[in-house]
Amino acid sequence: MADLFPETVPPDIIRTAHFVGDMRLSLTRDWSDGPRALAIGCNPSAADGSKDDPTSRWWNAWFMANGYGGYDAMNLYPFCTPHPKACRALIAKHPRKTKKAMASVNLPALLDAAAKAETIFVCWGNIAWDQQWIDHVVTCLRNATAKELMCWGTTQSGAPKHPLARGKHRMTAGQSVMSWGSQ
């Protein structure tokens, strides 16, 4: 991380997280009055109201370096695990319960955060698996906010890259953004 962002991230970041049962609906980081961002990934990992994980550390540094005052991190699938396969298995094991929670709890929270954000970043990479759900969330976001969705690049399949993508997709401190899915 030090190589990616040489600037020191101030320790006075306000860290909060909102959980409902086993779902992390949002991870929030604030440090100034600048514009607010929303980052939408695939599934939440280990970050919470007191600690960051590698992805939230990347977001902290990138959003600070680019003039944002804070962000909300949310996910297509709100079930906490650092392993997307485990998230997928949970949904497959309890499809009615999990899909109901995603539609009735997670999606409304996502749309509320999107309405408050200056910029919406999508970054679920190729690990998001349910194209019908992805299309539904994207359609709801566009209908509710009319905001352009931004990303840090796309995979070969067109999915929005995750900040911790590996190999040739690895992101840099100067990572530029682009519009996603407007075609």
# chains A, B, ... in the order shown; residues from 1 in each chain; ligands from 1
call {"tool": "select_by_dssp", "arguments": {"residues": "chain A", "states": "strand (DSSP E)", "output": "PDB file with N, CA, C and O atoms, in the first residue's frame"}}
result
ATOM      1  N   ILE A  14     -13.258   8.951  10.311  1.00  0.00           N
ATOM      2  CA  ILE A  14     -14.411   8.450  11.061  1.00  0.00           C
ATOM      3  C   ILE A  14     -14.879   7.183  10.349  1.00  0.00           C
ATOM      4  O   ILE A  14     -15.245   7.213   9.179  1.00  0.00           O
ATOM      5  N   ARG A  15     -14.834   6.065  11.078  1.00  0.00           N
ATOM      6  CA  ARG A  15     -15.172   4.756  10.519  1.00  0.00           C
ATOM      7  C   ARG A  15     -16.475   4.253  11.127  1.00  0.00           C
ATOM      8  O   ARG A  15     -16.592   4.150  12.341  1.00  0.00           O
ATOM      9  N   THR A  16     -17.427   3.918  10.265  1.00  0.00           N
ATOM     10  CA  THR A  16     -18.671   3.317  10.737  1.00  0.00           C
ATOM     11  C   THR A  16     -19.074   2.207   9.768  1.00  0.00           C
ATOM     12  O   THR A  16     -18.609   2.163   8.632  1.00  0.00           O
ATOM     13  N   ALA A  17     -19.926   1.344  10.243  1.00  0.00           N
ATOM     14  CA  ALA A  17     -20.486   0.283   9.405  1.00  0.00           C
ATOM     15  C   ALA A  17     -21.895   0.016   9.883  1.00  0.00           C
ATOM     16  O   ALA A  17     -22.201   0.142  11.069  1.00  0.00           O
ATOM     17  N   HIS A  18     -22.768  -0.331   8.945  1.00  0.00           N
ATOM     18  CA  HIS A  18     -24.157  -0.630   9.276  1.00  0.00           C
ATOM     19  C   HIS A  18     -24.437  -2.079   8.919  1.00  0.00           C
ATOM     20  O   HIS A  18     -24.349  -2.461   7.745  1.00  0.00           O
ATOM     21  N   PHE A  19     -24.762  -2.852   9.943  1.00  0.00           N
ATOM     22  CA  PHE A  19     -25.067  -4.275   9.776  1.00  0.00           C
ATOM     23  C   PHE A  19     -26.540  -4.536  10.069  1.00  0.00           C
ATOM     24  O   PHE A  19     -27.115  -3.913  10.958  1.00  0.00           O
ATOM     25  N   VAL A  20     -27.120  -5.457   9.351  1.00  0.00           N
ATOM     26  CA  VAL A  20     -28.444  -5.995   9.655  1.00  0.00           C
ATOM     27  C   VAL A  20     -28.271  -7.505   9.637  1.00  0.00           C
ATOM     28  O   VAL A  20     -28.049  -8.096   8.578  1.00  0.00           O
ATOM     29  N   MET A  23     -25.663  -9.346   7.377  1.00  0.00           N
ATOM     30  CA  MET A  23     -25.406  -8.521   6.191  1.00  0.00           C
ATOM     31  C   MET A  23     -24.729  -7.207   6.600  1.00  0.00           C
ATOM     32  O   MET A  23     -25.170  -6.546   7.534  1.00  0.00           O
ATOM     33  N   ARG A  24     -23.664  -6.860   5.884  1.00  0.00           N
ATOM     34  CA  ARG A  24     -23.095  -5.519   6.051  1.00  0.00           C
ATOM     35  C   ARG A  24     -23.670  -4.676   4.927  1.00  0.00           C
ATOM     36  O   ARG A  24     -23.314  -4.835   3.774  1.00  0.00           O
ATOM     37  N   LEU A  25     -24.572  -3.781   5.293  1.00  0.00           N
ATOM     38  CA  LEU A  25     -25.193  -2.936   4.282  1.00  0.00           C
ATOM     39  C   LEU A  25     -24.252  -1.848   3.814  1.00  0.00           C
ATOM     40  O   LEU A  25     -24.248  -1.507   2.634  1.00  0.00           O
ATOM     41  N   SER A  26     -23.503  -1.278   4.741  1.00  0.00           N
ATOM     42  CA  SER A  26     -22.593  -0.207   4.315  1.00  0.00           C
ATOM     43  C   SER A  26     -21.384  -0.119   5.221  1.00  0.00           C
ATOM     44  O   SER A  26     -21.431  -0.475   6.388  1.00  0.00           O
ATOM     45  N   LEU A  27     -20.329   0.353   4.620  1.00  0.00           N
ATOM     46  CA  LEU A  27     -19.088   0.689   5.304  1.00  0.00           C
ATOM     47  C   LEU A  27     -18.872   2.159   4.962  1.00  0.00           C
ATOM     48  O   LEU A  27     -18.878   2.527   3.787  1.00  0.00           O
ATOM     49  N   THR A  28     -18.736   3.001   5.975  1.00  0.00           N
ATOM     50  CA  THR A  28     -18.629   4.435   5.734  1.00  0.00           C
ATOM     51  C   THR A  28     -17.321   4.967   6.292  1.00  0.00           C
ATOM     52  O   THR A  28     -16.917   4.600   7.395  1.00  0.00           O
ATOM     53  N   ARG A  29     -16.672   5.802   5.498  1.00  0.00           N
ATOM     54  CA  ARG A  29     -15.447   6.476   5.909  1.00  0.00           C
ATOM     55  C   ARG A  29     -15.600   7.954   5.581  1.00  0.00           C
ATOM     56  O   ARG A  29     -15.983   8.313   4.467  1.00  0.00           O
ATOM     57  N   ASP A  30     -15.315   8.793   6.580  1.00  0.00           N
ATOM     58  CA  ASP A  30     -15.403  10.251   6.416  1.00  0.00           C
ATOM     59  C   ASP A  30     -14.162  10.908   6.977  1.00  0.00           C
ATOM     60  O   ASP A  30     -13.632  10.484   8.008  1.00  0.00           O
ATOM     61  N   ARG A  36     -18.962  13.311  -1.669  1.00  0.00           N
ATOM     62  CA  ARG A  36     -19.140  11.933  -1.194  1.00  0.00           C
ATOM     63  C   ARG A  36     -19.170  10.984  -2.395  1.00  0.00           C
ATOM     64  O   ARG A  36     -19.751  11.288  -3.419  1.00  0.00           O
ATOM     65  N   ALA A  37     -18.565   9.822  -2.223  1.00  0.00           N
ATOM     66  CA  ALA A  37     -18.572   8.785  -3.255  1.00  0.00           C
ATOM     67  C   ALA A  37     -19.305   7.559  -2.720  1.00  0.00           C
ATOM     68  O   ALA A  37     -19.419   7.359  -1.513  1.00  0.00           O
ATOM     69  N   LEU A  38     -19.780   6.760  -3.638  1.00  0.00           N
ATOM     70  CA  LEU A  38     -20.330   5.451  -3.324  1.00  0.00           C
ATOM     71  C   LEU A  38     -19.555   4.443  -4.162  1.00  0.00           C
ATOM     72  O   LEU A  38     -19.435   4.621  -5.375  1.00  0.00           O
ATOM     73  N   ALA A  39     -19.002   3.430  -3.516  1.00  0.00           N
ATOM     74  CA  ALA A  39     -18.293   2.354  -4.210  1.00  0.00           C
ATOM     75  C   ALA A  39     -19.117   1.081  -4.042  1.00  0.00           C
ATOM     76  O   ALA A  39     -19.446   0.701  -2.913  1.00  0.00           O
ATOM     77  N   ILE A  40     -19.461   0.441  -5.152  1.00  0.00           N
ATOM     78  CA  ILE A  40     -20.277  -0.774  -5.098  1.00  0.00           C
ATOM     79  C   ILE A  40     -19.445  -1.956  -5.586  1.00  0.00           C
ATOM     80  O   ILE A  40     -19.079  -2.026  -6.760  1.00  0.00           O
ATOM     81  N   GLY A  41     -19.161  -2.864  -4.656  1.00  0.00           N
ATOM     82  CA  GLY A  41     -18.386  -4.054  -4.972  1.00  0.00           C
ATOM     83  C   GLY A  41     -19.271  -5.282  -5.063  1.00  0.00           C
ATOM     84  O   GLY A  41     -20.493  -5.187  -5.213  1.00  0.00           O
ATOM     85  N   GLY A  70     -15.244  11.611   1.728  1.00  0.00           N
ATOM     86  CA  GLY A  70     -15.645  10.347   2.318  1.00  0.00           C
ATOM     87  C   GLY A  70     -16.364   9.494   1.303  1.00  0.00           C
ATOM     88  O   GLY A  70     -16.606   9.917   0.169  1.00  0.00           O
ATOM     89  N   TYR A  71     -16.700   8.295   1.728  1.00  0.00           N
ATOM     90  CA  TYR A  71     -17.398   7.369   0.836  1.00  0.00           C
ATOM     91  C   TYR A  71     -18.199   6.364   1.632  1.00  0.00           C
ATOM     92  O   TYR A  71     -17.974   6.148   2.826  1.00  0.00           O
ATOM     93  N   ASP A  72     -19.146   5.772   0.946  1.00  0.00           N
ATOM     94  CA  ASP A  72     -19.875   4.613   1.440  1.00  0.00           C
ATOM     95  C   ASP A  72     -19.486   3.454   0.534  1.00  0.00           C
ATOM     96  O   ASP A  72     -19.463   3.605  -0.686  1.00  0.00           O
ATOM     97  N   ALA A  73     -19.162   2.317   1.130  1.00  0.00           N
ATOM     98  CA  ALA A  73     -18.882   1.108   0.363  1.00  0.00           C
ATOM     99  C   ALA A  73     -20.048   0.164   0.592  1.00  0.00           C
ATOM    100  O   ALA A  73     -20.426  -0.106   1.729  1.00  0.00           O
ATOM    101  N   MET A  74     -20.616  -0.305  -0.519  1.00  0.00           N
ATOM    102  CA  MET A  74     -21.749  -1.221  -0.451  1.00  0.00           C
ATOM    103  C   MET A  74     -21.509  -2.326  -1.479  1.00  0.00           C
ATOM    104  O   MET A  74     -20.533  -2.265  -2.224  1.00  0.00           O
ATOM    105  N   ASN A  75     -22.397  -3.291  -1.520  1.00  0.00           N
ATOM    106  CA  ASN A  75     -22.155  -4.458  -2.358  1.00  0.00           C
ATOM    107  C   ASN A  75     -23.416  -4.980  -3.014  1.00  0.00           C
ATOM    108  O   ASN A  75     -24.526  -4.774  -2.506  1.00  0.00           O
ATOM    109  N   THR A 119     -20.613  10.903  -6.701  1.00  0.00           N
ATOM    110  CA  THR A 119     -20.158   9.994  -7.750  1.00  0.00           C
ATOM    111  C   THR A 119     -20.385   8.556  -7.305  1.00  0.00           C
ATOM    112  O   THR A 119     -20.128   8.216  -6.153  1.00  0.00           O
ATOM    113  N   ILE A 120     -20.841   7.727  -8.240  1.00  0.00           N
ATOM    114  CA  ILE A 120     -21.049   6.303  -7.972  1.00  0.00           C
ATOM    115  C   ILE A 120     -20.001   5.521  -8.755  1.00  0.00           C
ATOM    116  O   ILE A 120     -19.899   5.652  -9.975  1.00  0.00           O
ATOM    117  N   PHE A 121     -19.215   4.731  -8.024  1.00  0.00           N
ATOM    118  CA  PHE A 121     -18.192   3.871  -8.626  1.00  0.00           C
ATOM    119  C   PHE A 121     -18.644   2.426  -8.513  1.00  0.00           C
ATOM    120  O   PHE A 121     -19.077   1.997  -7.451  1.00  0.00           O
ATOM    121  N   VAL A 122     -18.549   1.679  -9.601  1.00  0.00           N
ATOM    122  CA  VAL A 122     -18.867   0.260  -9.580  1.00  0.00           C
ATOM    123  C   VAL A 122     -17.563  -0.512  -9.754  1.00  0.00           C
ATOM    124  O   VAL A 122     -16.678  -0.097 -10.505  1.00  0.00           O
ATOM    125  N   LEU A 149     -22.497   5.992 -13.957  1.00  0.00           N
ATOM    126  CA  LEU A 149     -21.730   5.044 -13.162  1.00  0.00           C
ATOM    127  C   LEU A 149     -20.290   5.091 -13.652  1.00  0.00           C
ATOM    128  O   LEU A 149     -20.028   5.031 -14.851  1.00  0.00           O
ATOM    129  N   MET A 150     -19.366   5.180 -12.716  1.00  0.00           N
ATOM    130  CA  MET A 150     -17.951   5.285 -13.037  1.00  0.00           C
ATOM    131  C   MET A 150     -17.236   4.019 -12.580  1.00  0.00           C
ATOM    132  O   MET A 150     -17.698   3.307 -11.695  1.00  0.00           O
ATOM    133  N   CYS A 151     -16.079   3.757 -13.200  1.00  0.00           N
ATOM    134  CA  CYS A 151     -15.268   2.611 -12.790  1.00  0.00           C
ATOM    135  C   CYS A 151     -13.795   2.938 -13.004  1.00  0.00           C
ATOM    136  O   CYS A 151     -13.453   3.940 -13.626  1.00  0.00           O
ATOM    137  N   MET A 178     -13.372   6.026 -15.610  1.00  0.00           N
ATOM    138  CA  MET A 178     -14.096   6.111 -16.861  1.00  0.00           C
ATOM    139  C   MET A 178     -15.564   5.798 -16.609  1.00  0.00           C
ATOM    140  O   MET A 178     -15.903   5.205 -15.589  1.00  0.00           O
ATOM    141  N   SER A 179     -16.395   6.212 -17.523  1.00  0.00           N
ATOM    142  CA  SER A 179     -17.814   5.888 -17.448  1.00  0.00           C
ATOM    143  C   SER A 179     -17.979   4.390 -17.681  1.00  0.00           C
ATOM    144  O   SER A 179     -17.256   3.805 -18.495  1.00  0.00           O
TER     145      SER A 179
END
call {"tool": "select_by_dssp", "arguments": {"residues": "segment 64-108 of chain A", "states": "helix (DSSP H, G or I)", "output": "list in words"}}
result
Met64, Ala65, Pro84, Lys85, Ala86, Cys87, Arg88, Ala89, Leu90, Ile91, Ala92, Lys93, Pro95, Arg96, Lys97, Thr98, Lys99, Lys100, Ala101, Met102, Ala103, Ser104, Val105, Asn106, Leu107 and Pro108 of chain A
call {"tool": "atom_distance", "arguments": {"atom1": "atom CA of His162 of chain A", "atom2": "atom CA of Thr55 of chain A"}}
result
8.7 Å
call {"tool": "residues_around", "arguments": {"residues": "segment 83-97 of chain A", "least_positions_apart": "5", "cutoff": "8 Å", "atoms": "only C-alpha atoms", "output": "ChimeraX atom specification"}}
result
/A:42-43,45,77,127
call {"tool": "write_last_selection", "arguments": {"atoms": "all heavy atoms", "output": "PDB file, in the first residue's frame"}}
result
ATOM      1  N   CYS A  42     -18.662  -6.435  -4.940  1.00  0.00           N
ATOM      2  CA  CYS A  42     -19.392  -7.695  -5.029  1.00  0.00           C
ATOM      3  C   CYS A  42     -19.925  -8.126  -3.674  1.00  0.00           C
ATOM      4  O   CYS A  42     -21.118  -8.257  -3.475  1.00  0.00           O
ATOM      5  CB  CYS A  42     -18.493  -8.783  -5.619  1.00  0.00           C
ATOM      6  SG  CYS A  42     -19.341 -10.357  -5.847  1.00  0.00           S
ATOM      7  N   ASN A  43     -19.019  -8.361  -2.717  1.00  0.00           N
ATOM      8  CA  ASN A  43     -19.418  -8.808  -1.382  1.00  0.00           C
ATOM      9  C   ASN A  43     -18.475  -8.205  -0.352  1.00  0.00           C
ATOM     10  O   ASN A  43     -17.301  -7.970  -0.634  1.00  0.00           O
ATOM     11  CB  ASN A  43     -19.410 -10.337  -1.276  1.00  0.00           C
ATOM     12  CG  ASN A  43     -18.050 -10.917  -1.509  1.00  0.00           C
ATOM     13  OD1 ASN A  43     -17.551 -10.916  -2.632  1.00  0.00           O
ATOM     14  ND2 ASN A  43     -17.414 -11.413  -0.446  1.00  0.00           N
ATOM     15  N   SER A  45     -15.980  -7.775   2.814  1.00  0.00           N
ATOM     16  CA  SER A  45     -14.942  -8.611   3.410  1.00  0.00           C
ATOM     17  C   SER A  45     -14.916  -8.390   4.916  1.00  0.00           C
ATOM     18  O   SER A  45     -15.951  -8.456   5.561  1.00  0.00           O
ATOM     19  CB  SER A  45     -13.601  -8.280   2.757  1.00  0.00           C
ATOM     20  OG  SER A  45     -12.596  -9.143   3.236  1.00  0.00           O
ATOM     21  N   TYR A  77     -24.012  -8.120  -3.159  1.00  0.00           N
ATOM     22  CA  TYR A  77     -24.376  -9.188  -2.237  1.00  0.00           C
ATOM     23  C   TYR A  77     -23.836  -8.794  -0.861  1.00  0.00           C
ATOM     24  O   TYR A  77     -22.624  -8.727  -0.682  1.00  0.00           O
ATOM     25  CB  TYR A  77     -23.759 -10.518  -2.687  1.00  0.00           C
ATOM     26  CG  TYR A  77     -23.929 -10.779  -4.173  1.00  0.00           C
ATOM     27  CD1 TYR A  77     -22.886 -10.537  -5.066  1.00  0.00           C
ATOM     28  CD2 TYR A  77     -25.141 -11.234  -4.680  1.00  0.00           C
ATOM     29  CE1 TYR A  77     -23.038 -10.764  -6.425  1.00  0.00           C
ATOM     30  CE2 TYR A  77     -25.299 -11.462  -6.042  1.00  0.00           C
ATOM     31  CZ  TYR A  77     -24.246 -11.215  -6.914  1.00  0.00           C
ATOM     32  OH  TYR A  77     -24.399 -11.432  -8.252  1.00  0.00           O
ATOM     33  N   ILE A 127     -16.078 -11.413 -10.523  1.00  0.00           N
ATOM     34  CA  ILE A 127     -16.550 -12.381  -9.532  1.00  0.00           C
ATOM     35  C   ILE A 127     -18.046 -12.308  -9.282  1.00  0.00           C
ATOM     36  O   ILE A 127     -18.609 -13.233  -8.727  1.00  0.00           O
ATOM     37  CB  ILE A 127     -15.772 -12.264  -8.205  1.00  0.00           C
ATOM     38  CG1 ILE A 127     -15.940 -10.881  -7.588  1.00  0.00           C
ATOM     39  CG2 ILE A 127     -14.313 -12.627  -8.405  1.00  0.00           C
ATOM     40  CD1 ILE A 127     -15.331 -10.736  -6.212  1.00  0.00           C
TER      41      ILE A 127
END
call {"tool": "residues_around", "arguments": {"residues": "Pro35 of chain A", "least_positions_apart": "6", "cutoff": "10 Å", "atoms": "only C-alpha atoms", "output": "list in words"}}
result
Phe63, Gly67, Tyr68, Gly69, Gly70, Tyr71, Lys116, Ala117, Glu118 and Thr119 of chain A
call {"tool": "write_last_selection", "arguments": {"atoms": "all heavy atoms", "output": "compact mmCIF listing (two decimals), in the first residue's frame"}}
result
# COMPACT_ATOMS: atom_id res chain seq x y z
N PHE A 63 -9.70 7.90 -2.69
CA PHE A 63 -10.70 8.96 -2.57
C PHE A 63 -10.10 10.21 -1.93
O PHE A 63 -10.40 11.32 -2.35
CB PHE A 63 -11.93 8.47 -1.80
CG PHE A 63 -12.80 7.53 -2.61
CD1 PHE A 63 -13.16 6.30 -2.09
CD2 PHE A 63 -13.25 7.86 -3.87
CE1 PHE A 63 -13.96 5.43 -2.82
CE2 PHE A 63 -14.05 7.00 -4.62
CZ PHE A 63 -14.40 5.78 -4.09
N GLY A 67 -9.72 14.16 -3.84
CA GLY A 67 -10.54 15.27 -3.37
C GLY A 67 -11.88 14.93 -2.75
O GLY A 67 -12.68 15.82 -2.47
N TYR A 68 -12.14 13.66 -2.49
CA TYR A 68 -13.41 13.29 -1.84
C TYR A 68 -13.29 13.48 -0.33
O TYR A 68 -12.21 13.36 0.24
CB TYR A 68 -13.78 11.84 -2.18
CG TYR A 68 -14.23 11.69 -3.60
CD1 TYR A 68 -13.31 11.46 -4.62
CD2 TYR A 68 -15.57 11.80 -3.93
CE1 TYR A 68 -13.72 11.34 -5.95
CE2 TYR A 68 -15.99 11.68 -5.26
CZ TYR A 68 -15.06 11.45 -6.25
OH TYR A 68 -15.46 11.34 -7.56
N GLY A 69 -14.43 13.73 0.30
CA GLY A 69 -14.46 13.89 1.75
C GLY A 69 -14.87 12.63 2.47
O GLY A 69 -14.84 12.58 3.70
N GLY A 70 -15.24 11.61 1.73
CA GLY A 70 -15.64 10.35 2.32
C GLY A 70 -16.36 9.49 1.30
O GLY A 70 -16.61 9.92 0.17
N TYR A 71 -16.70 8.29 1.73
CA TYR A 71 -17.40 7.37 0.84
C TYR A 71 -18.20 6.36 1.63
O TYR A 71 -17.97 6.15 2.83
CB TYR A 71 -16.42 6.63 -0.09
CG TYR A 71 -15.48 5.68 0.62
CD1 TYR A 71 -15.83 4.34 0.79
CD2 TYR A 71 -14.27 6.11 1.14
CE1 TYR A 71 -14.97 3.47 1.45
CE2 TYR A 71 -13.41 5.25 1.79
CZ TYR A 71 -13.77 3.93 1.94
OH TYR A 71 -12.93 3.07 2.60
N LYS A 116 -27.35 10.13 -2.29
CA LYS A 116 -26.53 11.07 -1.51
C LYS A 116 -25.13 11.25 -2.07
O LYS A 116 -24.42 12.18 -1.68
CB LYS A 116 -26.44 10.59 -0.07
CG LYS A 116 -27.78 10.57 0.64
CD LYS A 116 -27.67 9.92 2.00
CE LYS A 116 -29.05 9.78 2.64
NZ LYS A 116 -29.00 8.98 3.86
N ALA A 117 -24.71 10.36 -2.95
CA ALA A 117 -23.33 10.39 -3.46
C ALA A 117 -23.19 11.37 -4.62
O ALA A 117 -24.08 11.48 -5.47
CB ALA A 117 -22.92 8.99 -3.93
N GLU A 118 -22.06 12.03 -4.65
CA GLU A 118 -21.70 12.88 -5.79
C GLU A 118 -21.35 11.99 -6.99
O GLU A 118 -21.73 12.27 -8.11
CB GLU A 118 -20.49 13.74 -5.40
CG GLU A 118 -19.92 14.56 -6.52
CD GLU A 118 -20.63 15.88 -6.70
OE1 GLU A 118 -21.35 16.31 -5.79
OE2 GLU A 118 -20.45 16.48 -7.77
N THR A 119 -20.61 10.90 -6.70
CA THR A 119 -20.16 9.99 -7.75
C THR A 119 -20.39 8.56 -7.31
O THR A 119 -20.13 8.22 -6.15
CB THR A 119 -18.65 10.19 -8.04
OG1 THR A 119 -18.38 11.57 -8.20
CG2 THR A 119 -18.24 9.44 -9.30
call {"tool": "closest_residue", "arguments": {"among": "A:Asn60, A:Ser32, A:Ser176, A:Thr139", "to": "Thr154 of chain A", "atoms": "only C-alpha atoms"}}
result
A:Ser176
call {"tool": "atom_distance", "arguments": {"atom1": "atom CA of Asp22 of chain A", "atom2": "atom CA of Cys80 of chain A"}}
result
6.8 Å
call {"tool": "residues_around", "arguments": {"residues": "Leu107 of chain A", "least_positions_apart": "4", "cutoff": "10 Å", "atoms": "only C-alpha atoms", "output": "number ranges by chain"}}
result
A: 25, 74-78, 101-103, 111-113, 136-137, 140-141
call {"tool": "atom_distance", "arguments": {"atom1": "atom CA of Ser56 of chain A", "atom2": "atom CA of Trp180 of chain A"}}
result
21.1 Å
call {"tool": "closest_residue", "arguments": {"among": "A:Gly174, A:Ala115, A:Trp62, A:Lys100", "to": "Ala146 of chain A", "atoms": "only C-alpha atoms"}}
result
A:Ala115
call {"tool": "closest_residue", "arguments": {"among": "A:Met64, A:Pro108, A:Val177, A:Asn126", "to": "Glu148 of chain A", "atoms": "only C-alpha atoms"}}
result
A:Val177
call {"tool": "decode", "arguments": {"residues": "segment 105-121 of chain A", "atoms": "N, CA and C atoms", "output": "PDB file, in the first residue's frame"}}
result
ATOM      1  N   VAL A 105     -33.883  -5.297   1.591  1.00  0.00           N
ATOM      2  CA  VAL A 105     -33.051  -4.579   2.561  1.00  0.00           C
ATOM      3  C   VAL A 105     -31.844  -3.933   1.886  1.00  0.00           C
ATOM      4  N   ASN A 106     -31.059  -4.727   1.170  1.00  0.00           N
ATOM      5  CA  ASN A 106     -29.819  -4.216   0.580  1.00  0.00           C
ATOM      6  C   ASN A 106     -30.075  -3.205  -0.541  1.00  0.00           C
ATOM      7  N   LEU A 107     -30.950  -3.531  -1.476  1.00  0.00           N
ATOM      8  CA  LEU A 107     -31.180  -2.649  -2.614  1.00  0.00           C
ATOM      9  C   LEU A 107     -31.709  -1.278  -2.194  1.00  0.00           C
ATOM     10  N   PRO A 108     -32.710  -1.176  -1.308  1.00  0.00           N
ATOM     11  CA  PRO A 108     -33.152   0.158  -0.884  1.00  0.00           C
ATOM     12  C   PRO A 108     -32.036   0.966  -0.203  1.00  0.00           C
ATOM     13  N   ALA A 109     -31.191   0.296   0.590  1.00  0.00           N
ATOM     14  CA  ALA A 109     -30.066   0.992   1.228  1.00  0.00           C
ATOM     15  C   ALA A 109     -29.076   1.490   0.179  1.00  0.00           C
ATOM     16  N   LEU A 110     -28.827   0.664  -0.834  1.00  0.00           N
ATOM     17  CA  LEU A 110     -27.940   1.041  -1.931  1.00  0.00           C
ATOM     18  C   LEU A 110     -28.475   2.277  -2.672  1.00  0.00           C
ATOM     19  N   LEU A 111     -29.754   2.280  -2.971  1.00  0.00           N
ATOM     20  CA  LEU A 111     -30.354   3.402  -3.694  1.00  0.00           C
ATOM     21  C   LEU A 111     -30.338   4.680  -2.857  1.00  0.00           C
ATOM     22  N   ASP A 112     -30.526   4.546  -1.548  1.00  0.00           N
ATOM     23  CA  ASP A 112     -30.463   5.711  -0.660  1.00  0.00           C
ATOM     24  C   ASP A 112     -29.055   6.302  -0.658  1.00  0.00           C
ATOM     25  N   ALA A 113     -28.049   5.457  -0.555  1.00  0.00           N
ATOM     26  CA  ALA A 113     -26.658   5.934  -0.581  1.00  0.00           C
ATOM     27  C   ALA A 113     -26.315   6.542  -1.937  1.00  0.00           C
ATOM     28  N   ALA A 114     -26.822   5.955  -3.008  1.00  0.00           N
ATOM     29  CA  ALA A 114     -26.552   6.479  -4.349  1.00  0.00           C
ATOM     30  C   ALA A 114     -27.125   7.882  -4.506  1.00  0.00           C
ATOM     31  N   ALA A 115     -28.287   8.120  -3.941  1.00  0.00           N
ATOM     32  CA  ALA A 115     -28.904   9.446  -4.037  1.00  0.00           C
ATOM     33  C   ALA A 115     -28.060  10.508  -3.334  1.00  0.00           C
ATOM     34  N   LYS A 116     -27.347  10.126  -2.290  1.00  0.00           N
ATOM     35  CA  LYS A 116     -26.533  11.073  -1.510  1.00  0.00           C
ATOM     36  C   LYS A 116     -25.125  11.254  -2.069  1.00  0.00           C
ATOM     37  N   ALA A 117     -24.709  10.360  -2.955  1.00  0.00           N
ATOM     38  CA  ALA A 117     -23.334  10.385  -3.465  1.00  0.00           C
ATOM     39  C   ALA A 117     -23.190  11.367  -4.621  1.00  0.00           C
ATOM     40  N   GLU A 118     -22.059  12.034  -4.654  1.00  0.00           N
ATOM     41  CA  GLU A 118     -21.697  12.879  -5.791  1.00  0.00           C
ATOM     42  C   GLU A 118     -21.354  11.988  -6.988  1.00  0.00           C
ATOM     43  N   THR A 119     -20.613  10.903  -6.701  1.00  0.00           N
ATOM     44  CA  THR A 119     -20.158   9.994  -7.750  1.00  0.00           C
ATOM     45  C   THR A 119     -20.385   8.556  -7.305  1.00  0.00           C
ATOM     46  N   ILE A 120     -20.841   7.727  -8.240  1.00  0.00           N
ATOM     47  CA  ILE A 120     -21.049   6.303  -7.972  1.00  0.00           C
ATOM     48  C   ILE A 120     -20.001   5.521  -8.755  1.00  0.00           C
ATOM     49  N   PHE A 121     -19.215   4.731  -8.024  1.00  0.00           N
ATOM     50  CA  PHE A 121     -18.192   3.871  -8.626  1.00  0.00           C
ATOM     51  C   PHE A 121     -18.644   2.426  -8.513  1.00  0.00           C
TER      52      PHE A 121
END
